[in-house]
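**Q** Below you'll find entry-v3.csv; it's CSV, C-alpha atoms.
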```csv
chain,number,residue,atom,x,y,z
K,1,MET,CA,81.9,81.0,89.7
K,2,PHE,CA,82.1,82.0,86.0
K,3,ARG,CA,84.1,85.1,86.9
K,4,VAL,CA,86.5,83.0,89.0
K,5,VAL,CA,87.0,80.5,86.2
K,6,VAL,CA,87.7,83.3,83.7
K,7,PHE,CA,90.1,85.0,86.1
K,8,LEU,CA,92.0,81.8,86.6
K,9,ALA,CA,92.2,81.0,82.9
K,10,ILE,CA,93.5,84.5,82.1
K,11,THR,CA,96.0,84.2,85.0
K,12,ILE,CA,97.3,80.9,83.7
K,13,LEU,CA,97.6,82.1,80.1
K,14,THR,CA,99.3,85.3,81.3
K,15,GLY,CA,101.7,83.2,83.3
K,16,LEU,CA,102.6,81.3,80.2
K,17,ALA,CA,103.1,84.5,78.2
K,18,LEU,CA,105.3,85.8,80.9
K,19,ARG,CA,107.3,82.7,81.1
K,20,PHE,CA,108.4,83.2,77.5
K,21,SER,CA,108.6,87.0,77.6
K,22,VAL,CA,111.0,87.1,80.5
K,23,ARG,CA,113.5,85.1,78.5
K,24,SER,CA,113.1,87.2,75.3
K,25,ALA,CA,113.2,91.1,75.3
K,26,ARG,CA,112.0,91.1,71.8
K,27,LEU,CA,108.9,89.1,72.7
K,28,ALA,CA,108.3,91.5,75.7
K,29,ILE,CA,108.6,94.5,73.5
K,30,GLY,CA,106.3,92.8,71.0
K,31,PHE,CA,103.7,92.5,73.7
K,32,GLY,CA,104.2,96.2,74.5
K,33,LEU,CA,103.7,97.3,70.9
K,34,LEU,CA,100.6,95.1,70.7
K,35,GLY,CA,99.4,96.7,73.9
K,36,LEU,CA,100.0,100.1,72.5
K,37,VAL,CA,97.9,99.4,69.4
K,38,THR,CA,95.2,97.8,71.5
K,39,VAL,CA,95.1,100.7,73.9
K,40,ALA,CA,94.6,103.1,70.9
K,41,ILE,CA,91.8,100.9,69.6
K,42,GLY,CA,90.2,100.6,73.0
K,43,GLY,CA,90.5,104.3,73.5
K,44,TYR,CA,88.7,105.0,70.2
K,45,LEU,CA,86.0,102.5,71.0
K,46,GLY,CA,85.5,103.9,74.5
K,47,LEU,CA,85.6,107.6,73.7
K,48,VAL,CA,83.9,107.7,70.3
K,49,VAL,CA,82.0,104.5,69.5
K,50,ALA,CA,80.4,103.5,72.8
K,51,PRO,CA,77.1,105.3,73.4
K,52,PRO,CA,76.5,107.5,76.5
K,53,GLU,CA,75.3,105.7,79.6
K,54,ARG,CA,71.7,106.2,80.8
K,55,ASP,CA,72.6,107.9,84.2
K,56,MET,CA,76.2,108.8,84.0
K,57,GLY,CA,76.2,110.2,80.5
K,58,ASP,CA,79.7,110.4,79.1
K,59,VAL,CA,81.4,110.3,82.5
K,60,TYR,CA,81.1,106.5,82.6
K,61,ARG,CA,83.8,106.3,79.8
K,62,ILE,CA,86.3,106.7,82.6
K,63,LEU,CA,85.5,103.1,83.5
K,64,TYR,CA,87.1,101.9,80.3
K,65,VAL,CA,90.5,102.8,81.8
K,66,HIS,CA,89.7,102.5,85.5
K,67,VAL,CA,88.3,98.9,85.4
K,68,PRO,CA,91.1,97.4,83.2
K,69,ALA,CA,93.8,99.1,85.4
K,70,ALA,CA,92.2,97.6,88.5
K,71,TRP,CA,91.9,94.2,86.9
K,72,VAL,CA,95.6,94.2,85.9
K,73,GLY,CA,96.7,95.6,89.3
K,74,LEU,CA,94.9,92.7,91.1
K,75,LEU,CA,96.3,90.2,88.6
K,76,CYS,CA,99.9,91.5,89.2
K,77,VAL,CA,99.6,91.1,93.0
K,78,CYS,CA,98.1,87.6,92.5
K,79,LEU,CA,101.2,86.8,90.5
K,80,ASN,CA,103.4,88.4,93.2
K,81,PHE,CA,101.8,86.1,95.8
K,82,GLY,CA,102.5,83.1,93.7
K,83,ALA,CA,106.1,84.1,93.2
K,84,CYS,CA,106.6,84.7,96.9
K,85,VAL,CA,105.3,81.3,97.7
K,86,ALA,CA,107.5,79.8,95.0
K,87,TYR,CA,110.6,81.5,96.4
K,88,LEU,CA,110.0,80.2,99.9
K,89,PHE,CA,109.7,76.6,98.6
K,90,LYS,CA,112.4,76.7,96.0
K,91,ALA,CA,114.8,79.6,96.8
K,92,ASP,CA,115.0,80.4,93.1
K,93,TRP,CA,116.4,83.9,92.1
K,94,GLY,CA,114.1,83.9,89.1
K,95,ALA,CA,111.1,83.7,91.4
K,96,ASP,CA,112.4,86.5,93.6
K,97,SER,CA,113.1,88.8,90.6
K,98,PHE,CA,109.6,88.0,89.3
K,99,ALA,CA,108.1,88.9,92.7
K,100,GLU,CA,109.9,92.2,92.6
K,101,ALA,CA,108.7,92.9,89.1
K,102,THR,CA,105.1,92.0,89.7
K,103,ALA,CA,105.0,94.1,92.9
K,104,GLU,CA,106.2,97.2,91.2
K,105,VAL,CA,104.1,96.8,88.1
K,106,GLY,CA,101.0,96.0,90.2
K,107,LEU,CA,101.6,99.0,92.4
K,108,CYS,CA,101.8,101.2,89.2
K,109,PHE,CA,98.5,99.9,87.8
K,110,SER,CA,96.8,99.9,91.2
K,111,THR,CA,97.7,103.5,91.8
K,112,ILE,CA,96.4,104.5,88.4
K,113,ALA,CA,93.2,102.6,89.1
K,114,ILE,CA,92.6,104.3,92.5
K,115,VAL,CA,93.3,107.8,91.1
K,116,LEU,CA,91.0,107.3,88.1
K,117,GLY,CA,88.3,105.9,90.5
K,118,SER,CA,88.6,109.0,92.6
K,119,ILE,CA,88.1,111.2,89.6
K,120,TRP,CA,85.1,109.2,88.5
K,121,ALA,CA,83.6,109.4,92.0
K,122,LYS,CA,83.5,113.2,92.1
K,123,PRO,CA,80.8,113.7,89.5
K,124,THR,CA,78.9,110.4,90.3
K,125,TRP,CA,79.1,110.1,94.1
K,126,GLY,CA,79.8,113.7,94.8
K,127,VAL,CA,83.1,113.1,96.6
K,128,TYR,CA,86.7,112.2,95.6
K,129,TRP,CA,87.0,109.7,98.4
K,130,THR,CA,84.9,107.8,100.9
K,131,TRP,CA,85.8,105.0,103.4
K,132,ASP,CA,83.9,102.5,101.4
K,133,PRO,CA,85.0,98.8,101.9
K,134,ARG,CA,86.3,98.4,98.4
K,135,LEU,CA,88.2,101.7,98.4
K,136,THR,CA,89.6,101.1,101.9
K,137,THR,CA,90.8,97.6,101.2
K,138,TYR,CA,92.3,98.7,97.9
K,139,ALA,CA,94.1,101.5,99.6
K,140,ILE,CA,95.4,99.0,102.2
K,141,MET,CA,96.7,96.8,99.4
K,142,ILE,CA,98.5,99.7,97.8
K,143,VAL,CA,100.1,100.7,101.1
K,144,SER,CA,101.1,97.0,101.7
K,145,TYR,CA,102.9,96.7,98.3
K,146,SER,CA,104.5,100.1,98.8
K,147,ALA,CA,105.9,98.7,102.1
K,148,TYR,CA,107.0,95.6,100.3
K,149,LEU,CA,109.1,97.6,97.8
K,150,VAL,CA,110.5,99.9,100.5
K,151,LEU,CA,111.5,96.8,102.5
K,152,ARG,CA,113.4,95.4,99.5
K,153,GLY,CA,115.1,98.7,99.1
K,154,PHE,CA,116.4,98.7,102.7
K,155,ILE,CA,117.9,95.2,102.8
K,156,ASP,CA,121.3,94.8,101.2
K,157,ASP,CA,121.8,91.1,101.6
K,158,PRO,CA,120.1,89.4,98.6
K,159,GLU,CA,119.0,86.2,100.3
K,160,ARG,CA,117.6,87.9,103.4
K,161,ARG,CA,115.9,90.4,101.2
K,162,ALA,CA,114.3,87.7,99.2
K,163,VAL,CA,113.1,85.7,102.2
K,164,TRP,CA,111.7,88.7,104.2
K,165,SER,CA,110.0,90.3,101.2
K,166,SER,CA,108.5,86.9,100.3
K,167,VAL,CA,106.9,86.7,103.8
K,168,VAL,CA,105.7,90.3,103.5
K,169,GLY,CA,104.3,89.6,100.0
K,170,ILE,CA,102.3,86.6,101.3
K,171,ILE,CA,100.9,88.6,104.2
K,172,ALA,CA,100.0,91.4,101.8
K,173,GLY,CA,98.4,88.9,99.5
K,174,VAL,CA,95.8,88.1,102.2
K,175,ASP,CA,94.1,91.4,101.2
K,176,ILE,CA,93.6,90.3,97.6
K,177,PRO,CA,90.4,88.2,98.1
K,178,ILE,CA,89.1,90.8,100.6
K,179,VAL,CA,89.5,93.5,98.0
K,180,TYR,CA,87.7,91.4,95.3
K,181,PHE,CA,84.8,90.2,97.5
K,182,SER,CA,84.4,93.3,99.6
K,183,VAL,CA,81.6,94.5,97.3
K,184,ASN,CA,79.7,91.2,97.9
K,185,TRP,CA,80.4,90.9,101.7
K,186,TRP,CA,79.5,94.4,102.8
K,187,ASN,CA,77.1,97.2,101.8
K,188,THR,CA,79.3,99.4,99.5
K,189,LEU,CA,78.9,102.4,97.3
K,190,HIS,CA,81.1,100.7,94.8
K,191,GLN,CA,79.2,98.5,92.4
K,192,GLN,CA,79.5,94.7,92.4
K,193,GLN,CA,81.5,92.9,89.8
K,194,SER,CA,80.2,93.2,86.2
K,195,SER,CA,79.8,90.5,83.7
K,196,PRO,CA,78.7,90.4,80.1
K,197,GLN,CA,75.2,89.6,81.4
K,198,THR,CA,75.1,92.8,83.4
K,199,VAL,CA,76.7,95.2,80.9
K,200,SER,CA,75.0,96.4,77.8
K,201,LYS,CA,76.4,94.8,74.6
K,202,PRO,CA,77.7,98.0,72.9
K,203,MET,CA,79.6,98.8,76.1
K,204,VAL,CA,81.2,95.3,76.5
K,205,LEU,CA,83.5,95.4,73.5
K,206,PRO,CA,85.4,98.6,74.5
K,207,LEU,CA,85.8,97.2,78.0
K,208,ASP,CA,87.1,93.8,76.7
K,209,VAL,CA,89.5,95.5,74.2
K,210,SER,CA,90.8,97.8,76.9
K,211,GLY,CA,91.2,94.9,79.3
K,212,PHE,CA,93.3,93.0,76.9
K,213,ALA,CA,95.3,96.2,76.0
K,214,PHE,CA,96.3,96.7,79.7
K,215,LEU,CA,97.0,93.0,79.9
K,216,PHE,CA,99.5,93.1,77.0
K,217,VAL,CA,101.1,96.2,78.5
K,218,MET,CA,101.4,94.5,81.8
K,219,ILE,CA,103.1,91.5,80.3
K,220,CYS,CA,105.7,93.8,78.6
K,221,PHE,CA,106.3,95.8,81.8
K,222,ILE,CA,106.7,92.7,84.0
K,223,ALA,CA,109.1,91.0,81.6
K,224,LEU,CA,111.3,94.1,81.2
K,225,ARG,CA,111.3,94.8,84.9
K,226,HIS,CA,112.2,91.2,85.6
K,227,ARG,CA,115.2,91.5,83.4
K,228,ILE,CA,116.3,94.6,85.3
K,229,ALA,CA,115.9,92.7,88.6
K,230,ARG,CA,117.8,89.7,87.3
K,231,ALA,CA,120.6,91.9,86.1
K,232,ARG,CA,120.9,93.6,89.5
K,233,ARG,CA,120.9,90.2,91.2
K,234,ALA,CA,123.7,89.0,89.0
K,235,GLU,CA,125.8,92.1,89.9
K,236,GLU,CA,125.1,91.6,93.6
K,237,ILE,CA,126.1,87.9,93.7
K,238,ALA,CA,129.0,88.2,91.3
K,239,PRO,CA,132.2,86.6,92.8
K,240,PRO,CA,134.9,89.1,93.8
K,241,GLU,CA,137.2,88.0,91.0
K,242,ALA,CA,134.7,89.5,88.5
K,243,LEU,CA,135.2,93.0,89.9
K,244,PRO,CA,137.9,95.3,88.6
K,245,SER,CA,141.0,95.3,90.9
K,246,THR,CA,142.1,98.8,91.9
K,247,SER,CA,145.1,97.5,93.9
K,248,ARG,CA,146.8,96.1,90.8
K,249,GLU,CA,146.3,99.4,88.9
K,250,ALA,CA,147.9,101.3,91.8
K,251,ALA,CA,151.0,99.0,91.8
J,1,MET,CA,50.8,124.4,97.5
J,2,THR,CA,48.8,127.0,95.5
J,3,PRO,CA,48.6,126.6,91.7
J,4,HIS,CA,50.6,129.8,91.2
J,5,LEU,CA,53.5,128.5,93.4
J,6,THR,CA,53.3,125.1,91.7
J,7,GLN,CA,53.7,126.8,88.3
J,8,LEU,CA,56.7,128.8,89.6
J,9,VAL,CA,58.4,125.6,90.8
J,10,LEU,CA,57.8,123.8,87.5
J,11,GLN,CA,59.2,126.7,85.5
J,12,GLN,CA,62.5,126.3,87.3
J,13,ALA,CA,62.8,122.6,86.6
J,14,PRO,CA,65.9,121.7,84.4
J,15,ALA,CA,65.4,121.0,80.7
J,16,ALA,CA,67.8,118.0,80.8
J,17,PRO,CA,66.6,114.5,81.8
J,18,VAL,CA,66.4,114.0,85.6
J,19,GLY,CA,69.2,111.9,87.1
J,20,ARG,CA,71.6,112.0,84.1
J,21,ILE,CA,75.0,113.6,84.4
J,22,VAL,CA,75.6,116.2,81.6
J,23,GLY,CA,79.0,116.8,80.2
J,24,GLY,CA,81.9,115.8,82.4
J,25,TRP,CA,84.4,115.4,79.5
J,26,GLY,CA,87.0,117.2,81.6
J,27,TYR,CA,87.0,114.3,84.0
J,28,VAL,CA,87.1,111.8,81.2
J,29,TRP,CA,90.1,113.5,79.5
J,30,ALA,CA,91.9,113.9,82.9
J,31,CYS,CA,91.5,110.1,83.5
J,32,TYR,CA,92.7,109.0,80.1
J,33,GLY,CA,95.6,111.5,80.3
J,34,ILE,CA,96.6,110.1,83.7
J,35,ALA,CA,96.3,106.5,82.5
J,36,TRP,CA,98.3,107.0,79.3
J,37,SER,CA,100.9,109.3,80.8
J,38,GLY,CA,101.3,107.0,83.8
J,39,MET,CA,102.0,104.0,81.6
J,40,ALA,CA,104.3,106.1,79.4
J,41,LEU,CA,106.3,107.3,82.3
J,42,TYR,CA,106.7,103.8,83.7
J,43,ALA,CA,107.8,102.6,80.3
J,44,LEU,CA,110.4,105.4,80.3
J,45,SER,CA,111.6,104.4,83.7
J,46,LEU,CA,112.1,100.8,82.5
J,47,TRP,CA,114.1,102.1,79.5
J,48,VAL,CA,116.3,104.2,81.7
J,49,ARG,CA,116.9,101.3,84.1
J,50,ARG,CA,117.5,98.7,81.4
J,51,PRO,CA,120.5,96.4,81.9
J,52,LYS,CA,123.6,97.9,80.2
J,53,ARG,CA,125.3,94.6,79.5
J,54,LYS,CA,124.3,91.0,78.7
J,55,GLU,CA,123.0,89.0,81.6
J,56,PRO,CA,124.8,85.7,82.5
J,57,SER,CA,122.8,82.7,81.4
J,58,PRO,CA,120.8,81.0,84.1
```
Before we go any further, please render this structure as structure tokens.
**A**
Amino acid sequence: MFRVVVFLAITILTGLALRFSVRSARLAIGFGLLGLVTVAIGGYLGLVVAPPERDMGDVYRILYVHVPAAWVGLLCVCLNFGACVAYLFKADWGADSFAEATAEVGLCFSTIAIVLGSIWAKPTWGVYWTWDPRLTTYAIMIVSYSAYLVLRGFIDDPERRAVWSSVVGIIAGVDIPIVYFSVNWWNTLHQQQSSPQTVSKPMVLPLDVSGFAFLFVMICFIALRHRIARARRAEEIAPPEALPSTSREAA
Amino acid sequence: MTPHLTQLVLQQAPAAPVGRIVGGWGYVWACYGIAWSGMALYALSLWVRRPKRKEPSP
């Protein structure tokens, strides 16, 4: 319950930060620079300051990038789900652009997370991949959001694209709670969710710092990607008079 | 097992603590490199795709 409350609080605060960042490129870049500094601090804490783990030794330091990437990836697809629902209710181009941005950024971070997890698994589990419930559902999520972006690329009509991709985004969003709770519902190799009560104190700080670092970078990426999506939308729906006339030049 | 055979087996036991992964920094650097370069490449892609002119106000 505590984890769900924390996750919801971070999601709401992130939503507020995004609301202002999408309107201001400077604020978005500010979050990016803040993220860059925090990533450096988190990297130093994770690689140098944190002590070796009892069983995994130094290999566990991979988790200081794998776990935040996974958290941020899941957060992005949650935001995408919300934006898709919002578009179907309100038909707002801002919501559609936001959905496109969160899907792409979420796919980026989720792919990083699954690749890092595979590399971590080799020295710890002995294999790069196994059809574990968490890994399998996460892979399904990545494929779903890849399909979402491919679908958006294939449809030229902006309105049809927004509606169809919103439906696909909502269907893909059904996998999100399955990914998160898979480690509780089934017997998995993947460990269950961590909390400050289950993680040693010298190891909590690097994880928290890295988590916020990835969060700030995510806000920057989504805000900038949203601006790109809005600009493209504006070009697509611009009235014909706004386009240069070649017939007048020929005459 | 004879005492002599037991002694032979014990002599071959590793000096490092049992159950602890030793080293593995190559995996760690690979992961940090992939994470940082992945984010840097995506940031570069955003820069390349940035809007070239001012957006119309909503």
**Q** One decimal, Å: what's the distance from atom CA of K:Gly126 over to atom CA of J:Ile21, could you say?
**A** 11.5 Å
**Q** By how many Å are atom CA of K:Trp186 and atom CA of K:Met1 apart?
**A** 18.9 Å
**Q** Do you know which residues are at most 9 Å from K:Met218 counting all atoms listed in the file, after dropping those on the same chain fewer than 6 positions away, and could you put them as a PyMOL selection string?
**A** chain K and resi 31-32+35+72-73+76+105-106+109
**Q** In Å to one decimal, how far is atom CA of K:Ile62 from atom CA of K:Trp120?
**A**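 Value for the atom CA of K:Trp120-atom CA of K:Ile62 distance: 6.5 Å.
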**Q** With only C-alpha atoms as the atoms that count, which of K:Ala69, K:Val209, K:Ala172, K:Val199 lies nearest to chain J?
**A**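 Among the listed residues, the smallest separation from chain J belongs to K:Ala69.
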**Q** Sort by chain and increasing residue number a table of all residues of chain J within 8 Å of chain K, each with its closest pair of atoms and their distance in Å to one decimal, counting only C-alpha atoms, and write it as a tab-separated table.
**A**
```
residue	atom	partner	partner_atom	distance
J:Gly19	CA	K:Asp55	CA	6.0
J:Arg20	CA	K:Asp55	CA	4.2
J:Ile21	CA	K:Met56	CA	5.0
J:Val22	CA	K:Gly57	CA	6.1
J:Gly23	CA	K:Asp58	CA	6.5
J:Gly24	CA	K:Val59	CA	5.5
J:Trp25	CA	K:Val59	CA	6.6
J:Tyr27	CA	K:Ile119	CA	6.5
J:Val28	CA	K:Ile62	CA	5.3
J:Cys31	CA	K:Leu116	CA	5.4
J:Tyr32	CA	K:Val65	CA	6.8
J:Ile34	CA	K:Ile112	CA	7.3
J:Ala35	CA	K:Ile112	CA	6.2
J:Gly38	CA	K:Ile112	CA	7.2
J:Tyr42	CA	K:Cys108	CA	7.8
J:Ala43	CA	K:Phe221	CA	7.1
J:Leu46	CA	K:Arg225	CA	6.5
J:Arg49	CA	K:Ile228	CA	6.8
J:Arg50	CA	K:Ile228	CA	5.8
J:Pro51	CA	K:Ile228	CA	5.7
J:Glu55	CA	K:Ala231	CA	5.9
J:Pro56	CA	K:Ala234	CA	7.4
```
**Q** Residues at most 12 Å from K:Asp92, counting all atoms listed in the file, excluding those fewer than 5 positions away in the same chain, as a PyMOL selection string?
**A** (chain K and resi 83-87+97-99+158-159+162-163+166+230+233) or (chain J and resi 58)
**Q** Would you mind telling me which residue in K:Ile176, K:Ala25, K:Leu13, K:Gly42 lies nearest to K:Ser210 when using all atoms listed in the file?
**A**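 Ranking K:Ile176, K:Ala25, K:Leu13, K:Gly42 by distance to K:Ser210, first place goes to K:Gly42.
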**Q** For K:Val167, which of K:Pro51, K:Gly46, K:Pro68, K:Gly82 is the closest residue, counting only C-alpha atoms?
**A** K:Gly82
